[in-house]
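For reference, model-v7.txt (compact mmCIF, C-alpha atoms and all ligand atoms):
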# COMPACT_ATOMS: atom_id res chain seq x y z
CA MET A 1 186.96 -115.64 53.32
CA THR A 2 186.15 -115.90 49.66
CA VAL A 3 183.02 -117.82 48.89
CA ILE A 4 183.29 -119.79 45.70
CA LYS A 5 179.97 -120.61 44.11
CA ARG A 6 179.99 -123.43 41.63
CA PHE A 7 177.26 -124.65 39.39
CA ILE A 8 176.23 -128.27 39.73
CA ALA A 9 176.15 -129.81 36.29
CA GLY A 10 172.84 -131.46 35.55
CA ALA A 11 171.23 -130.43 38.82
CA VAL A 12 167.56 -129.63 38.51
CA CYS A 13 165.96 -127.06 40.75
CA PRO A 14 163.21 -128.73 42.76
CA ARG A 15 161.20 -125.55 42.75
CA CYS A 16 161.31 -124.18 39.22
CA GLY A 17 162.47 -127.35 37.48
CA GLU A 18 165.23 -125.66 35.49
CA MET A 19 168.43 -127.53 34.87
CA ASP A 20 171.93 -126.20 35.44
CA CYS A 21 170.73 -123.30 37.50
CA ILE A 22 171.73 -124.67 40.89
CA ARG A 23 174.95 -123.47 42.32
CA THR A 24 176.58 -124.51 45.54
CA TYR A 25 178.89 -122.96 48.03
CA ARG A 26 179.90 -123.67 51.56
CA ASP A 27 181.16 -122.13 54.70
CA ASP A 28 182.77 -123.76 57.71
CA GLU A 29 179.62 -125.52 58.81
CA ARG A 30 177.19 -125.82 55.97
CA GLU A 31 176.90 -126.45 52.29
CA TYR A 32 174.38 -124.30 50.52
CA LYS A 33 172.53 -124.69 47.28
CA GLU A 34 170.73 -121.92 45.55
CA CYS A 35 168.89 -121.45 42.31
CA ILE A 36 169.69 -118.47 40.17
CA ARG A 37 166.31 -118.50 38.45
CA CYS A 38 164.06 -118.58 41.45
CA ASP A 39 164.55 -118.02 45.14
CA TYR A 40 165.11 -121.66 45.97
CA GLU A 41 167.69 -122.11 48.65
CA ASP A 42 168.76 -125.13 50.61
CA SER A 43 171.53 -125.99 52.99
CA MET A 44 172.86 -128.97 54.81
CA ARG A 45 175.38 -129.47 57.53
CA LEU A 46 178.78 -130.67 56.47
CA ASP A 47 179.12 -132.90 59.51
CA GLY A 48 175.99 -134.82 58.61
CA GLN A 49 174.22 -134.08 61.85
CA PRO A 50 170.45 -134.10 61.57
CA GLU A 51 168.84 -130.71 61.66
CA MET A 52 165.32 -131.86 62.33
CA GLU A 53 165.99 -132.76 65.92
CA GLU A 54 163.60 -130.22 67.37
CA LEU A 55 160.89 -131.07 64.91
CA GLU A 56 161.23 -134.79 65.54
CA THR A 57 161.08 -134.21 69.26
CA ARG A 58 157.92 -132.20 68.82
CA VAL A 59 156.36 -134.90 66.67
CA ASN A 60 157.29 -137.61 69.14
CA ARG A 61 155.74 -135.62 71.91
CA GLU A 62 152.52 -135.26 69.94
CA ASN A 63 152.44 -138.97 69.25
CA LYS A 64 153.00 -139.84 72.87
CA PRO A 65 149.91 -141.54 74.26
CA GLN A 66 147.93 -139.42 76.62
CA ILE A 67 146.98 -140.56 80.08
CA GLU A 68 143.80 -142.53 79.82
CA GLU A 69 140.71 -141.11 81.33
CA GLY A 70 140.20 -142.37 84.85
CA ALA A 71 143.84 -143.36 85.30
CA GLN A 72 145.19 -142.30 88.62
CA PRO A 73 148.36 -140.26 88.51
CA LEU A 74 151.15 -141.66 90.60
CA LEU A 75 151.56 -139.75 93.80
CA PHE A 76 154.96 -139.43 95.35
CA THR A 77 154.75 -140.48 98.97
CA PRO A 78 157.78 -139.63 101.07
CA ASN A 79 159.03 -142.53 103.12
CA PRO A 80 158.54 -141.53 106.79
CA GLY A 81 161.48 -143.69 107.81
CA THR A 82 163.94 -141.51 105.97
CA SER A 83 162.74 -138.18 107.23
CA ARG A 84 165.57 -135.92 108.23
CA LYS A 85 166.24 -135.47 111.91
CA ASP A 86 167.83 -132.41 113.36
CA HIS A 87 170.43 -132.92 116.05
ZN ZN B 101 164.80 -122.62 40.63

Output the file's structure in the form of structure tokens.
Amino acid sequence: MTVIKRFIAGAVCPRCGEMDCIRTYRDDEREYKECIRCDYEDSMRLDGQPEMEELETRVNRENKPQIEEGAQPLLFTPNPGTSRKDH
């Protein structure tokens, strides 16, 4: 598969700030951008799926309220009426 890299007219590199130094190419899954003047590199999925899923999950977990001090954890109590009987 031949990768065609094309410059993006007017694109400014977010790292070095140079214009017309960003070129883009893609493969089956992703579109890449790279700067020829510094080592800036970026990529995004062509299907638009978010890539930060793991990070967001981690953040959500950190923001999850902790169990308050003194709160009793719920204990699972088996119902004696449903205990299995052997025949
Ligand atoms: Zn750059």

Can I get the residues close to ligand ZN 101 (chain B) as a short mmCIF file (atom, residue, chain, number, x, y, z; two decimals) with C-alpha atoms, keeping the file's coordinate frame, where close means within 10 Å and we count all atoms listed in the file?
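As a result, part_27.cif now contains:
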data_model
loop_
_atom_site.label_atom_id
_atom_site.label_comp_id
_atom_site.auth_asym_id
_atom_site.auth_seq_id
_atom_site.Cartn_x
_atom_site.Cartn_y
_atom_site.Cartn_z
CA VAL A 12 167.56 -129.63 38.51
CA CYS A 13 165.96 -127.06 40.75
CA PRO A 14 163.21 -128.73 42.76
CA ARG A 15 161.20 -125.55 42.75
CA CYS A 16 161.31 -124.18 39.22
CA GLY A 17 162.47 -127.35 37.48
CA GLU A 18 165.23 -125.66 35.49
CA MET A 19 168.43 -127.53 34.87
CA ASP A 20 171.93 -126.20 35.44
CA CYS A 21 170.73 -123.30 37.50
CA ILE A 22 171.73 -124.67 40.89
CA GLU A 34 170.73 -121.92 45.55
CA CYS A 35 168.89 -121.45 42.31
CA ILE A 36 169.69 -118.47 40.17
CA ARG A 37 166.31 -118.50 38.45
CA CYS A 38 164.06 -118.58 41.45
CA ASP A 39 164.55 -118.02 45.14
CA TYR A 40 165.11 -121.66 45.97
CA GLU A 41 167.69 -122.11 48.65
#

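If you measure from each of A:Leu75, A:Ile8, A:Met1, A:Leu46 to Lys33 in chain A using all atoms listed in the file, the closest one turns out to be A:Ile8.
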
Exercise. Separation of CA of Glu51 in chain A and CA of Val3 in chain A, in Å?
Worked result: 23.0 Å
